[in-house]
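The data block below is upload-v3.txt; it holds compact mmCIF, C-alpha atoms and all ligand atoms.
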```txt
# COMPACT_ATOMS: atom_id res chain seq x y z
CA MET C 1454 106.32 14.01 98.80
CA ILE C 1455 108.30 15.27 101.80
CA LEU C 1456 111.97 14.39 102.23
CA ARG C 1457 113.19 14.58 105.81
CA ALA C 1458 116.88 14.60 106.77
CA ARG C 1459 119.02 15.22 109.85
CA ILE C 1460 120.51 18.26 108.08
CA VAL C 1461 119.09 20.12 105.10
CA VAL C 1462 121.73 22.28 103.41
CA PRO C 1463 119.82 24.66 101.09
CA VAL C 1464 123.06 26.60 100.22
CA SER C 1465 121.10 29.82 99.62
CA ARG C 1466 120.36 29.95 103.38
CA PRO C 1467 121.92 28.42 106.52
CA PRO C 1468 121.72 24.66 107.18
CA ILE C 1469 118.52 23.46 108.85
CA PRO C 1470 118.71 20.75 111.56
CA ASN C 1471 115.98 18.10 111.37
CA GLY C 1472 114.88 19.70 108.13
CA ALA C 1473 112.56 18.79 105.33
CA VAL C 1474 111.89 19.60 101.69
CA GLU C 1475 108.47 19.27 100.13
CA VAL C 1476 108.27 18.37 96.46
CA ARG C 1477 105.37 18.48 94.06
CA GLY C 1478 105.97 17.19 90.55
CA ASN C 1479 109.37 18.45 89.43
CA ARG C 1480 109.45 21.46 91.78
CA ILE C 1481 110.26 22.24 95.39
CA ILE C 1482 107.28 23.82 97.12
CA ALA C 1483 108.64 24.25 100.65
CA VAL C 1484 111.90 24.05 102.62
CA GLY C 1485 112.06 24.25 106.41
CA ARG C 1486 112.07 22.46 109.72
CA TRP C 1487 110.44 19.04 109.75
CA ARG C 1488 108.03 20.05 112.51
CA ASP C 1489 106.78 22.99 110.42
CA LEU C 1490 106.28 20.92 107.27
CA ALA C 1491 105.03 17.70 108.86
CA GLY C 1492 101.52 19.11 109.16
CA ASN C 1493 101.24 18.97 105.38
CA ARG C 1494 100.73 15.20 105.81
CA ARG C 1495 102.12 14.15 102.49
CA GLN C 1496 104.05 10.98 101.83
CA THR C 1497 107.25 11.33 103.89
CA ILE C 1498 110.57 9.72 103.07
CA ASP C 1499 112.81 9.81 106.13
CA LEU C 1500 116.43 9.88 104.95
CA GLY C 1501 117.72 9.48 108.53
CA GLU C 1502 121.30 10.48 109.42
CA ALA C 1503 121.83 12.23 106.14
CA ALA C 1504 122.42 15.61 104.58
CA LEU C 1505 120.02 16.73 101.87
CA LEU C 1506 121.44 19.38 99.56
CA PRO C 1507 120.92 20.74 96.05
CA GLY C 1508 122.40 18.67 93.25
CA LEU C 1509 125.80 19.97 92.20
CA VAL C 1510 126.12 22.12 89.08
CA ASN C 1511 129.08 21.22 86.89
CA ALA C 1512 129.50 24.33 84.76
CA HIS C 1513 132.14 22.98 82.38
CA CYS C 1514 132.65 19.48 81.11
CA HIS C 1515 133.49 17.49 77.97
CA LEU C 1516 131.56 14.28 78.63
CA ASP C 1517 132.55 12.84 75.26
CA TYR C 1518 136.25 12.68 76.30
CA THR C 1519 135.58 10.46 79.32
CA ALA C 1520 137.16 7.45 77.61
CA LEU C 1521 140.46 9.37 77.47
CA ALA C 1522 140.82 9.23 81.27
CA GLY C 1523 144.50 9.13 82.17
CA GLU C 1524 145.55 8.58 78.53
CA PHE C 1525 148.00 11.49 78.47
CA PRO C 1526 150.54 12.34 81.14
CA PRO C 1527 150.69 16.09 81.88
CA PRO C 1528 152.32 17.77 78.86
CA LYS C 1529 155.34 20.06 79.08
CA ILE C 1530 153.71 22.35 76.53
CA PHE C 1531 149.96 22.99 76.31
CA THR C 1532 149.86 22.73 72.52
CA ASP C 1533 151.32 19.19 72.75
CA TRP C 1534 148.19 18.15 74.66
CA LEU C 1535 145.97 19.74 71.99
CA LYS C 1536 147.80 17.70 69.35
CA LEU C 1537 147.43 14.48 71.39
CA ILE C 1538 143.71 14.86 71.94
CA THR C 1539 143.05 15.81 68.32
CA THR C 1540 144.89 12.70 67.14
CA ALA C 1541 143.16 10.44 69.68
CA LYS C 1542 139.70 11.71 68.65
CA SER C 1543 140.34 11.43 64.93
CA GLY C 1544 140.02 7.63 65.09
CA TRP C 1545 136.73 7.65 66.97
CA SER C 1546 133.40 6.50 65.55
CA PHE C 1547 130.01 7.96 66.42
CA THR C 1548 129.47 5.00 68.78
CA ASP C 1549 132.78 5.68 70.54
CA TYR C 1550 131.67 9.25 71.24
CA LEU C 1551 128.26 8.04 72.38
CA ARG C 1552 129.71 5.49 74.80
CA SER C 1553 132.25 7.93 76.19
CA TRP C 1554 129.54 10.58 76.79
CA GLY C 1555 127.29 8.03 78.48
CA ALA C 1556 130.05 6.76 80.77
CA GLY C 1557 130.84 10.34 81.83
CA ALA C 1558 127.19 11.16 82.46
CA GLU C 1559 126.85 8.08 84.70
CA MET C 1560 129.91 9.17 86.70
CA LEU C 1561 128.45 12.63 87.20
CA VAL C 1562 125.13 11.29 88.45
CA ARG C 1563 126.92 8.90 90.83
CA SER C 1564 129.05 11.70 92.23
CA GLY C 1565 126.20 14.13 92.84
CA THR C 1566 126.01 16.38 89.78
CA THR C 1567 122.45 17.02 88.65
CA THR C 1568 123.09 19.82 86.11
CA VAL C 1569 125.96 19.89 83.62
CA GLY C 1570 127.19 22.50 81.16
CA ASP C 1571 128.76 20.28 78.53
CA ILE C 1572 130.76 21.05 75.39
CA GLU C 1573 129.65 18.93 72.45
CA ALA C 1574 132.43 18.32 69.95
CA LEU C 1575 130.00 16.15 68.00
CA ALA C 1576 126.69 18.00 67.73
CA GLU C 1577 125.14 14.92 66.13
CA LEU C 1578 125.04 13.32 69.58
CA LEU C 1579 122.10 15.61 70.39
CA PRO C 1580 119.35 14.88 71.26
CA ARG C 1581 120.21 11.18 71.66
CA VAL C 1582 122.49 11.69 74.66
CA TRP C 1583 119.90 13.89 76.38
CA GLU C 1584 117.42 11.03 76.19
CA SER C 1585 119.98 8.64 77.64
CA THR C 1586 120.64 10.53 80.89
CA PRO C 1587 118.61 11.85 83.81
CA LEU C 1588 120.97 14.90 83.99
CA ARG C 1589 119.76 18.42 83.36
CA ALA C 1590 122.08 19.36 80.51
CA ARG C 1591 123.09 22.62 78.93
CA SER C 1592 124.92 21.42 75.83
CA PHE C 1593 127.19 23.90 74.07
CA ILE C 1594 127.79 23.00 70.44
CA GLU C 1595 131.50 23.40 69.72
CA LEU C 1596 132.47 25.67 66.83
CA ILE C 1597 135.97 25.55 65.36
CA GLY C 1598 137.26 27.27 62.23
CA ILE C 1599 140.73 28.66 61.74
CA THR C 1600 140.84 29.07 58.00
CA ASN C 1601 138.39 30.37 55.43
CA ARG C 1602 137.99 26.91 53.91
CA ARG C 1603 134.57 26.93 55.57
CA SER C 1604 133.02 30.31 56.20
CA SER C 1605 132.10 31.41 59.71
CA GLN C 1606 128.59 31.96 58.38
CA ALA C 1607 128.31 28.32 57.26
CA ILE C 1608 129.65 27.04 60.60
CA ILE C 1609 127.23 29.07 62.65
CA GLU C 1610 124.23 28.32 60.42
CA GLU C 1611 124.73 24.60 60.80
CA ALA C 1612 124.83 24.89 64.58
CA ALA C 1613 121.83 27.23 64.63
CA ASP C 1614 119.78 24.81 62.50
CA ARG C 1615 120.59 22.04 64.91
CA ILE C 1616 119.63 24.08 67.96
CA GLY C 1617 116.39 25.05 66.22
CA SER C 1618 115.54 21.39 65.69
CA LEU C 1619 116.06 20.41 69.33
CA GLN C 1620 113.43 20.34 71.99
CA HIS C 1621 113.65 18.63 75.36
CA PRO C 1622 111.84 19.17 78.65
CA ARG C 1623 115.07 19.20 80.72
CA CYS C 1624 117.91 20.01 78.33
CA ARG C 1625 118.88 22.96 76.12
CA ALA C 1626 121.59 23.71 73.60
CA GLY C 1627 123.87 26.71 73.31
CA LEU C 1628 127.01 27.65 71.41
CA SER C 1629 130.68 27.20 72.17
CA PRO C 1630 133.23 28.83 69.90
CA HIS C 1631 136.06 26.60 71.17
CA ALA C 1632 138.62 29.32 71.92
CA SER C 1633 139.88 32.55 70.41
CA TYR C 1634 142.86 30.79 68.83
CA THR C 1635 140.74 28.09 67.13
CA THR C 1636 138.23 30.54 65.69
CA LEU C 1637 138.29 33.74 63.66
CA PRO C 1638 136.87 37.07 64.88
CA GLU C 1639 133.98 36.78 62.43
CA LEU C 1640 132.79 33.56 64.08
CA LEU C 1641 132.87 35.21 67.51
CA ARG C 1642 130.93 38.19 66.19
CA LEU C 1643 128.28 35.99 64.55
CA THR C 1644 128.00 33.85 67.70
CA ALA C 1645 127.45 36.97 69.83
CA THR C 1646 124.75 38.33 67.50
CA LEU C 1647 122.87 35.07 67.14
CA ALA C 1648 123.09 34.16 70.82
CA ARG C 1649 121.71 37.54 71.79
CA ARG C 1650 118.86 37.26 69.31
CA HIS C 1651 117.84 33.76 70.46
CA ARG C 1652 118.82 34.11 74.13
CA TRP C 1653 121.27 31.21 73.83
CA ARG C 1654 124.10 30.71 76.33
CA VAL C 1655 127.69 30.76 75.11
CA ALA C 1656 130.74 29.07 76.62
CA ILE C 1657 134.25 29.75 75.35
CA HIS C 1658 137.70 28.70 76.58
CA VAL C 1659 139.52 31.95 77.39
CA ALA C 1660 143.09 32.61 78.55
CA GLU C 1661 143.58 28.97 79.46
CA CYS C 1662 147.34 28.83 78.95
CA ALA C 1663 150.32 31.18 78.96
CA LEU C 1664 150.98 30.51 75.27
CA GLU C 1665 147.52 31.76 74.34
CA TYR C 1666 148.10 34.91 76.41
CA GLU C 1667 151.39 35.43 74.62
CA MET C 1668 149.83 34.85 71.20
CA PHE C 1669 147.20 37.56 71.71
CA THR C 1670 149.24 40.10 73.64
CA ARG C 1671 152.59 39.77 71.86
CA HIS C 1672 151.75 38.44 68.38
CA ALA C 1673 154.41 35.81 69.02
CA GLY C 1674 155.29 32.53 70.70
CA LEU C 1675 154.93 28.78 70.27
CA MET C 1676 151.15 28.74 69.94
CA PHE C 1677 151.26 31.71 67.57
CA ASP C 1678 153.74 29.91 65.30
CA TRP C 1679 151.86 26.61 65.40
CA ILE C 1680 148.45 28.12 64.59
CA LYS C 1681 149.91 30.43 61.97
CA GLY C 1682 151.39 27.33 60.34
CA SER C 1683 147.85 25.95 60.03
CA GLY C 1684 146.92 28.90 57.83
CA ARG C 1685 145.03 31.08 60.33
CA ASP C 1686 144.94 34.83 59.65
CA MET C 1687 146.87 36.17 62.66
CA SER C 1688 146.02 39.85 62.19
CA ASP C 1689 143.79 39.75 65.29
CA CYS C 1690 146.82 39.04 67.50
CA GLY C 1691 148.98 41.65 69.22
CA MET C 1692 145.96 43.79 70.06
CA GLY C 1693 145.36 42.88 73.70
CA THR C 1694 144.65 40.06 76.11
CA PRO C 1695 142.44 37.02 75.36
CA VAL C 1696 139.71 38.49 77.62
CA GLU C 1697 139.85 41.79 75.70
CA HIS C 1698 139.69 39.73 72.50
CA ILE C 1699 136.33 38.10 73.27
CA CYS C 1700 134.87 41.40 74.48
CA ARG C 1701 136.06 43.18 71.32
CA TYR C 1702 133.97 40.82 69.18
CA GLY C 1703 130.82 41.15 71.29
CA LEU C 1704 130.98 38.16 73.63
CA VAL C 1705 129.79 40.18 76.61
CA GLY C 1706 126.85 39.95 79.00
CA PRO C 1707 125.45 37.46 81.51
CA ALA C 1708 124.87 34.77 78.88
CA ILE C 1709 128.63 34.30 78.40
CA ILE C 1710 130.77 31.81 80.31
CA ALA C 1711 134.53 32.35 80.06
CA VAL C 1712 136.06 28.97 80.80
CA HIS C 1713 139.38 29.07 82.72
CA ALA C 1714 140.44 32.76 82.59
CA ASN C 1715 143.77 31.72 84.11
CA TYR C 1716 145.98 34.40 82.57
CA LEU C 1717 144.67 37.94 83.02
CA GLY C 1718 145.96 41.37 82.15
CA ALA C 1719 145.78 44.21 84.66
CA GLY C 1720 142.26 45.29 83.67
CA ASP C 1721 140.78 41.89 82.79
CA ALA C 1722 139.10 41.03 86.10
CA ASP C 1723 137.24 44.37 86.02
CA LEU C 1724 136.42 43.91 82.35
CA LEU C 1725 134.85 40.50 83.08
CA ALA C 1726 132.91 41.92 86.02
CA ARG C 1727 131.71 44.99 84.14
CA ASN C 1728 130.47 42.81 81.31
CA ARG C 1729 128.86 40.33 83.74
CA ILE C 1730 130.76 37.44 82.15
CA HIS C 1731 130.88 34.31 84.33
CA VAL C 1732 134.14 32.43 84.89
CA ALA C 1733 134.21 28.63 85.08
CA HIS C 1734 137.25 27.34 86.93
CA CYS C 1735 138.31 23.68 86.70
CA PRO C 1736 140.65 23.02 89.66
CA ARG C 1737 141.93 19.53 88.74
CA SER C 1738 142.50 20.46 85.10
CA HIS C 1739 144.34 23.56 86.34
CA PHE C 1740 146.61 21.40 88.48
CA TYR C 1741 147.21 18.93 85.63
CA PHE C 1742 148.49 21.63 83.26
CA ARG C 1743 150.60 23.25 86.01
CA HIS C 1744 149.18 26.67 85.18
CA ALA C 1745 150.20 29.77 87.11
CA PRO C 1746 148.03 30.19 90.25
CA PHE C 1747 144.37 30.84 89.39
CA PRO C 1748 143.66 34.60 89.92
CA LEU C 1749 140.84 33.75 92.33
CA HIS C 1750 141.11 36.76 94.60
CA ARG C 1751 141.43 39.26 91.77
CA LEU C 1752 138.27 37.89 90.22
CA LEU C 1753 136.39 37.75 93.53
CA LYS C 1754 137.46 41.27 94.40
CA ALA C 1755 136.22 42.52 91.03
CA GLY C 1756 132.87 40.80 91.70
CA VAL C 1757 133.04 38.12 88.99
CA ASN C 1758 130.71 35.14 89.37
CA ILE C 1759 133.04 32.13 89.66
CA CYS C 1760 131.62 28.66 89.15
CA LEU C 1761 133.28 25.25 89.00
CA GLY C 1762 133.62 22.57 86.37
CA THR C 1763 135.29 19.21 86.03
CA ASP C 1764 136.63 19.78 82.51
CA SER C 1765 137.25 16.36 80.93
CA LEU C 1766 139.08 13.33 82.31
CA ALA C 1767 141.65 13.83 79.54
CA SER C 1768 143.06 16.64 81.70
CA VAL C 1769 142.91 15.08 85.16
CA TYR C 1770 146.13 13.78 86.65
CA LYS C 1771 146.09 10.01 87.15
CA ARG C 1772 148.66 8.06 89.14
CA PRO C 1773 149.58 4.56 87.94
CA HIS C 1774 146.89 1.99 88.87
CA GLU C 1775 144.57 4.73 90.08
CA THR C 1776 141.13 5.26 88.56
CA VAL C 1777 139.88 8.80 88.12
CA GLU C 1778 136.25 9.84 87.92
CA LEU C 1779 134.40 13.01 87.05
CA SER C 1780 133.38 14.38 90.43
CA MET C 1781 132.50 17.84 91.64
CA PHE C 1782 133.46 16.76 95.17
CA GLU C 1783 137.01 16.12 93.91
CA GLU C 1784 136.98 19.54 92.22
CA MET C 1785 135.81 21.26 95.43
CA ARG C 1786 138.59 19.53 97.39
CA ALA C 1787 141.20 20.48 94.77
CA LEU C 1788 140.04 24.10 95.00
CA ALA C 1789 140.23 23.98 98.81
CA ALA C 1790 143.77 22.54 98.62
CA ALA C 1791 144.94 25.28 96.25
CA HIS C 1792 143.21 28.08 98.22
CA PRO C 1793 143.22 27.12 101.93
CA ASP C 1794 141.79 30.52 102.90
CA LEU C 1795 138.56 29.87 100.98
CA ARG C 1796 135.69 28.85 103.26
CA PRO C 1797 133.80 25.60 102.59
CA LYS C 1798 130.54 27.51 102.31
CA ALA C 1799 131.96 29.68 99.49
CA ILE C 1800 133.30 26.59 97.71
CA LEU C 1801 129.92 24.84 97.91
CA GLN C 1802 128.25 27.98 96.53
CA MET C 1803 130.59 27.94 93.54
CA ALA C 1804 129.62 24.31 92.90
CA THR C 1805 125.91 25.01 93.09
CA LEU C 1806 124.41 28.53 93.09
CA ASN C 1807 127.12 30.18 91.00
CA GLY C 1808 127.03 27.43 88.38
CA ALA C 1809 123.25 27.71 88.15
CA ARG C 1810 123.59 31.47 87.59
CA ALA C 1811 126.13 30.92 84.83
CA LEU C 1812 123.93 28.39 83.08
CA GLY C 1813 120.83 30.59 83.23
CA LEU C 1814 119.20 28.57 86.02
CA GLU C 1815 119.26 31.14 88.79
CA GLY C 1816 116.51 30.38 91.30
CA LYS C 1817 115.83 27.11 89.48
CA ALA C 1818 118.87 24.98 90.32
CA GLY C 1819 121.82 24.96 92.70
CA GLU C 1820 119.72 25.67 95.78
CA LEU C 1821 116.89 24.23 97.79
CA ALA C 1822 114.28 26.95 97.56
CA LYS C 1823 110.58 27.28 96.85
CA GLY C 1824 110.01 27.22 93.11
CA ALA C 1825 113.35 25.59 92.22
CA PHE C 1826 113.53 22.31 90.34
CA ALA C 1827 113.48 19.25 92.59
CA ASP C 1828 117.17 18.49 91.94
CA MET C 1829 118.83 17.24 95.12
CA ILE C 1830 121.30 14.77 96.53
CA VAL C 1831 121.63 12.82 99.75
CA LEU C 1832 124.90 12.12 101.61
CA PRO C 1833 125.63 10.35 104.87
CA ILE C 1834 126.63 12.93 107.46
CA ALA C 1835 127.77 13.06 111.07
CA GLY C 1836 128.89 15.91 113.33
CA LYS C 1837 127.54 19.27 114.33
CA ILE C 1838 125.25 21.42 112.21
CA GLY C 1839 127.77 24.27 112.35
CA GLN C 1840 130.21 22.11 110.40
CA ALA C 1841 127.73 20.95 107.78
CA HIS C 1842 129.53 22.65 104.87
CA ASP C 1843 132.90 21.19 105.95
CA ARG C 1844 131.41 17.69 106.20
CA VAL C 1845 129.77 17.97 102.77
CA LEU C 1846 133.13 18.86 101.21
CA GLU C 1847 134.72 15.79 102.77
CA HIS C 1848 132.28 13.41 101.08
CA ARG C 1849 133.93 10.68 99.00
CA GLY C 1850 132.48 8.11 96.66
CA PRO C 1851 128.95 7.88 95.30
CA VAL C 1852 126.09 9.86 96.79
CA THR C 1853 123.39 7.92 98.68
CA ALA C 1854 120.57 9.20 96.50
CA SER C 1855 119.92 11.68 93.70
CA LEU C 1856 116.63 13.26 92.67
CA ILE C 1857 116.56 15.12 89.35
CA ASP C 1858 113.49 16.94 88.06
CA GLY C 1859 111.45 15.21 90.77
CA GLN C 1860 112.52 11.72 89.64
CA TRP C 1861 114.95 9.42 91.43
CA ALA C 1862 118.14 9.05 89.37
CA ILE C 1863 119.53 7.10 92.34
CA PRO C 1864 116.67 6.00 94.57
CA ALA C 1865 116.71 6.82 98.27
CA PRO C 1866 117.23 3.73 100.41
CA ILE C 1867 114.09 2.78 102.31
CA ALA C 1868 114.74 3.34 106.03
ZN ZN L 1901 137.22 22.62 78.40
```
Have the structure of the file written as structure tokens, please.
Amino acid sequence: MILRARIVVPVSRPPIPNGAVEVRGNRIIAVGRWRDLAGNRRQTIDLGEAALLPGLVNAHCHLDYTALAGEFPPPKIFTDWLKLITTAKSGWSFTDYLRSWGAGAEMLVRSGTTTVGDIEALAELLPRVWESTPLRARSFIELIGITNRRSSQAIIEEAADRIGSLQHPRCRAGLSPHASYTTLPELLRLTATLARRHRWRVAIHVAECALEYEMFTRHAGLMFDWIKGSGRDMSDCGMGTPVEHICRYGLVGPAIIAVHANYLGAGDADLLARNRIHVAHCPRSHFYFRHAPFPLHRLLKAGVNICLGTDSLASVYKRPHETVELSMFEEMRALAAAHPDLRPKAILQMATLNGARALGLEGKAGELAKGAFADMIVLPIAGKIGQAHDRVLEHRGPVTASLIDGQWAIPAPIA
């Protein structure tokens, strides 16, 4: 099959006018100008006045919280939000989680995501949710344990058994110790060892809020007091920054995604870069919590791979009577609004190539290139080729078509 479009935006190379992408099975076998590929005389689908680009890669999401969209107004204190979401979830049944996950996955497909890195609070949803969606999923099983009521060994073994039992042609599982403050050092150490042995990916929330930074650097503060009150051994606090904390317990290397990394010490950007840890930034969630400005330029300067995520709809600001959706286009626009000096091309790379790298799909997703998975989306487009990246970022609403793993998740309209 050959897909022809007015503009092909491969991301890993400049936009191609009157371009085409040739697909065989679930892979891309050629990308180029239509006139160069047309000789291959395969079945051609002419997408007309459209842009064809790689499906977006959402590097951090909590699909199971989709039903909490707009439930909580932005909190004054971060820990208040944690309490709200914990209470809200405590009344949920397995079916509630399942429905919420499914609704979120549908939103992502509609808005152009083809690969998602998702945190699974309820590991039992796997593999059922994988079978229910066309998305390419990297599901990180959430690990939480702040007291010794359940040993870190028992927590990790349960997750490892589950991962061992899962097999899916498009989806994989990994581990997500929730955050440094909701886990003990032993759990981080065991996660690092096991993930290295099995080549699993790991995602962890790091330095998300100022209170967490204070807890680890100063052995004090509101979060410190609250967590201490829950019975957590706090002897790992007061030793350095949250980024130093995860590195100290072995969470280093290119299989690790540090989610947020909003509050950094003087050496943290270099530490992340040196250890090849990816950073997932969630622009709308960042805005919702009114965090200090994201240290984008410090991280870029250090050479850290920055990718983008939607986080969950429980941390997206919603005006009265407005509906909010999970959408990487909204995240790209929120990033552009917060950092007007960032070029559209760089933003699109963060939402595609960089996310693919973080999720272990380098060369396989996030770009239109020979050998990559046939994961791509179609948008209506007008204007000059030189402005293709700007126009892509302006896209609102559902995408025209979405192809994932060579199959139409949203079929292309017949011209
Ligand atoms: Zn998160």
| note | From CA of Leu1832 (chain C) to CA of Asn1479 (chain C) the spacing works out at 20.7 Å
| task | List all protein, DNA and RNA residues that have any atom at most 10 Å from ligand ZN 1901 (chain L), counting all atoms listed in the file, and write the list as a ChimeraX atom specification. | result | /C:1513-1515,1571-1572,1631-1632,1656-1659,1661,1712-1713,1733-1735,1738,1762-1765,1767-1768
Export, as a compact mmCIF listing (two decimals), in the frame of the given file, the selected residues with C-alpha atoms.
```txt
# COMPACT_ATOMS: atom_id res chain seq x y z
CA HIS C 1513 132.14 22.98 82.38
CA CYS C 1514 132.65 19.48 81.11
CA HIS C 1515 133.49 17.49 77.97
CA ASP C 1571 128.76 20.28 78.53
CA ILE C 1572 130.76 21.05 75.39
CA HIS C 1631 136.06 26.60 71.17
CA ALA C 1632 138.62 29.32 71.92
CA ALA C 1656 130.74 29.07 76.62
CA ILE C 1657 134.25 29.75 75.35
CA HIS C 1658 137.70 28.70 76.58
CA VAL C 1659 139.52 31.95 77.39
CA GLU C 1661 143.58 28.97 79.46
CA VAL C 1712 136.06 28.97 80.80
CA HIS C 1713 139.38 29.07 82.72
CA ALA C 1733 134.21 28.63 85.08
CA HIS C 1734 137.25 27.34 86.93
CA CYS C 1735 138.31 23.68 86.70
CA SER C 1738 142.50 20.46 85.10
CA GLY C 1762 133.62 22.57 86.37
CA THR C 1763 135.29 19.21 86.03
CA ASP C 1764 136.63 19.78 82.51
CA SER C 1765 137.25 16.36 80.93
CA ALA C 1767 141.65 13.83 79.54
CA SER C 1768 143.06 16.64 81.70
```
Give me the residues of region 1730-1781 of chain C that have any atom at most 10 Å from an atom of region 1516-1533 of chain C; for each, the nearest atom pair and the distance in Å, rounded to one decimal. Use only C-alpha atoms, sort by chain and number, and format it as a tab-separated table.
```
residue	atom	partner	partner_atom	distance
C:Ser1738	CA	C:Pro1527	CA	9.8
C:Phe1740	CA	C:Pro1527	CA	9.4
C:Tyr1741	CA	C:Pro1527	CA	5.9
C:Phe1742	CA	C:Pro1527	CA	6.1
C:Arg1743	CA	C:Pro1527	CA	8.3
C:His1744	CA	C:Phe1531	CA	9.6
C:Thr1763	CA	C:Leu1516	CA	9.6
C:Asp1764	CA	C:Leu1516	CA	8.4
C:Ser1765	CA	C:Tyr1518	CA	6.0
C:Leu1766	CA	C:Ala1522	CA	4.6
C:Ala1767	CA	C:Ala1522	CA	5.0
C:Ser1768	CA	C:Pro1527	CA	7.7
C:Val1769	CA	C:Gly1523	CA	6.8
C:Tyr1770	CA	C:Gly1523	CA	6.7
C:Lys1771	CA	C:Gly1523	CA	5.3
C:Arg1772	CA	C:Gly1523	CA	8.2
C:Pro1773	CA	C:Gly1523	CA	8.9
C:Glu1775	CA	C:Gly1523	CA	9.1
C:Thr1776	CA	C:Gly1523	CA	8.2
C:Val1777	CA	C:Ala1522	CA	6.9
C:Glu1778	CA	C:Ala1522	CA	8.1
C:Leu1779	CA	C:Thr1519	CA	8.2
```
Could the residues in this selection be written to a file with C-alpha atoms, as a compact mmCIF listing (two decimals), keeping the file's coordinate frame?
```
# COMPACT_ATOMS: atom_id res chain seq x y z
CA SER C 1738 142.50 20.46 85.10
CA PHE C 1740 146.61 21.40 88.48
CA TYR C 1741 147.21 18.93 85.63
CA PHE C 1742 148.49 21.63 83.26
CA ARG C 1743 150.60 23.25 86.01
CA HIS C 1744 149.18 26.67 85.18
CA THR C 1763 135.29 19.21 86.03
CA ASP C 1764 136.63 19.78 82.51
CA SER C 1765 137.25 16.36 80.93
CA LEU C 1766 139.08 13.33 82.31
CA ALA C 1767 141.65 13.83 79.54
CA SER C 1768 143.06 16.64 81.70
CA VAL C 1769 142.91 15.08 85.16
CA TYR C 1770 146.13 13.78 86.65
CA LYS C 1771 146.09 10.01 87.15
CA ARG C 1772 148.66 8.06 89.14
CA PRO C 1773 149.58 4.56 87.94
CA GLU C 1775 144.57 4.73 90.08
CA THR C 1776 141.13 5.26 88.56
CA VAL C 1777 139.88 8.80 88.12
CA GLU C 1778 136.25 9.84 87.92
CA LEU C 1779 134.40 13.01 87.05
```
| Point-to-point distance in Å for CA of Asn1807 (chain C) and CA of Phe1826 (chain C) | 15.7 Å
| Spatial neighbours of region 1746-1753 of chain C, 6 Å, only C-alpha atoms, chain gap at least 2 places, as a list in words | Asn1715, Ala1722, Ala1755, Gly1756 and Val1757 of chain C
Any chance you can output those residues with C-alpha atoms as a compact mmCIF listing (two decimals), in the coordinates of the input?
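Generated output (out18.txt):
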```txt
# COMPACT_ATOMS: atom_id res chain seq x y z
CA ASN C 1715 143.77 31.72 84.11
CA ALA C 1722 139.10 41.03 86.10
CA ALA C 1755 136.22 42.52 91.03
CA GLY C 1756 132.87 40.80 91.70
CA VAL C 1757 133.04 38.12 88.99
```
| Between CA of Ala1714 (chain C) and CA of Ile1759 (chain C) - distance in Å to one decimal | 10.3 Å
| message | Please determine, counting only C-alpha atoms, which residue among C:Ile1838, C:Ile1867, C:Ala1660, C:Leu1704 has the shortest atom-to-atom distance to Asn1471 (chain C). | response |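 Closest candidate: C:Ile1838.
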Neighbouring residues of region 1481-1487 of chain C were defined as those with any atom within 8 Å, considering all atoms listed in the file; residues of the same chain fewer than 4 positions away were excluded. Please report them as a PDB file with C-alpha atoms, keeping the file's coordinate frame.
```
ATOM      1  CA  ARG C1457     113.190  14.580 105.810  1.00  0.00           C
ATOM      2  CA  ILE C1469     118.520  23.460 108.850  1.00  0.00           C
ATOM      3  CA  PRO C1470     118.710  20.750 111.560  1.00  0.00           C
ATOM      4  CA  ASN C1471     115.980  18.100 111.370  1.00  0.00           C
ATOM      5  CA  GLY C1472     114.880  19.700 108.130  1.00  0.00           C
ATOM      6  CA  ALA C1473     112.560  18.790 105.330  1.00  0.00           C
ATOM      7  CA  VAL C1474     111.890  19.600 101.690  1.00  0.00           C
ATOM      8  CA  GLU C1475     108.470  19.270 100.130  1.00  0.00           C
ATOM      9  CA  VAL C1476     108.270  18.370  96.460  1.00  0.00           C
ATOM     10  CA  ARG C1477     105.370  18.480  94.060  1.00  0.00           C
ATOM     11  CA  ALA C1491     105.030  17.700 108.860  1.00  0.00           C
ATOM     12  CA  LEU C1821     116.890  24.230  97.790  1.00  0.00           C
ATOM     13  CA  ALA C1822     114.280  26.950  97.560  1.00  0.00           C
ATOM     14  CA  LYS C1823     110.580  27.280  96.850  1.00  0.00           C
ATOM     15  CA  GLY C1824     110.010  27.220  93.110  1.00  0.00           C
ATOM     16  CA  ALA C1825     113.350  25.590  92.220  1.00  0.00           C
ATOM     17  CA  PHE C1826     113.530  22.310  90.340  1.00  0.00           C
ATOM     18  CA  ALA C1827     113.480  19.250  92.590  1.00  0.00           C
TER      19      ALA C1827
END
```
| query | Which of these residues is nearest to Ile1599 (chain C), using only C-alpha atoms: C:Gly1544, C:Gly1565, C:Pro1580, C:Gly1684? | reply |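 Checking each candidate against Ile1599 (chain C), we get C:Gly1684 as the closest.
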Give me, as a PDB file with C-alpha atoms, in the coordinates of the input, all polymer residues having an atom no more than 8 Å from Leu1551 (chain C), counting all atoms listed in the file and skipping those fewer than 2 positions away in the same chain.
```
ATOM      1  CA  ASP C1517     132.550  12.840  75.260  1.00  0.00           C
ATOM      2  CA  PHE C1547     130.010   7.960  66.420  1.00  0.00           C
ATOM      3  CA  THR C1548     129.470   5.000  68.780  1.00  0.00           C
ATOM      4  CA  ASP C1549     132.780   5.680  70.540  1.00  0.00           C
ATOM      5  CA  SER C1553     132.250   7.930  76.190  1.00  0.00           C
ATOM      6  CA  TRP C1554     129.540  10.580  76.790  1.00  0.00           C
ATOM      7  CA  GLY C1555     127.290   8.030  78.480  1.00  0.00           C
ATOM      8  CA  LEU C1578     125.040  13.320  69.580  1.00  0.00           C
ATOM      9  CA  VAL C1582     122.490  11.690  74.660  1.00  0.00           C
TER      10      VAL C1582
END
```
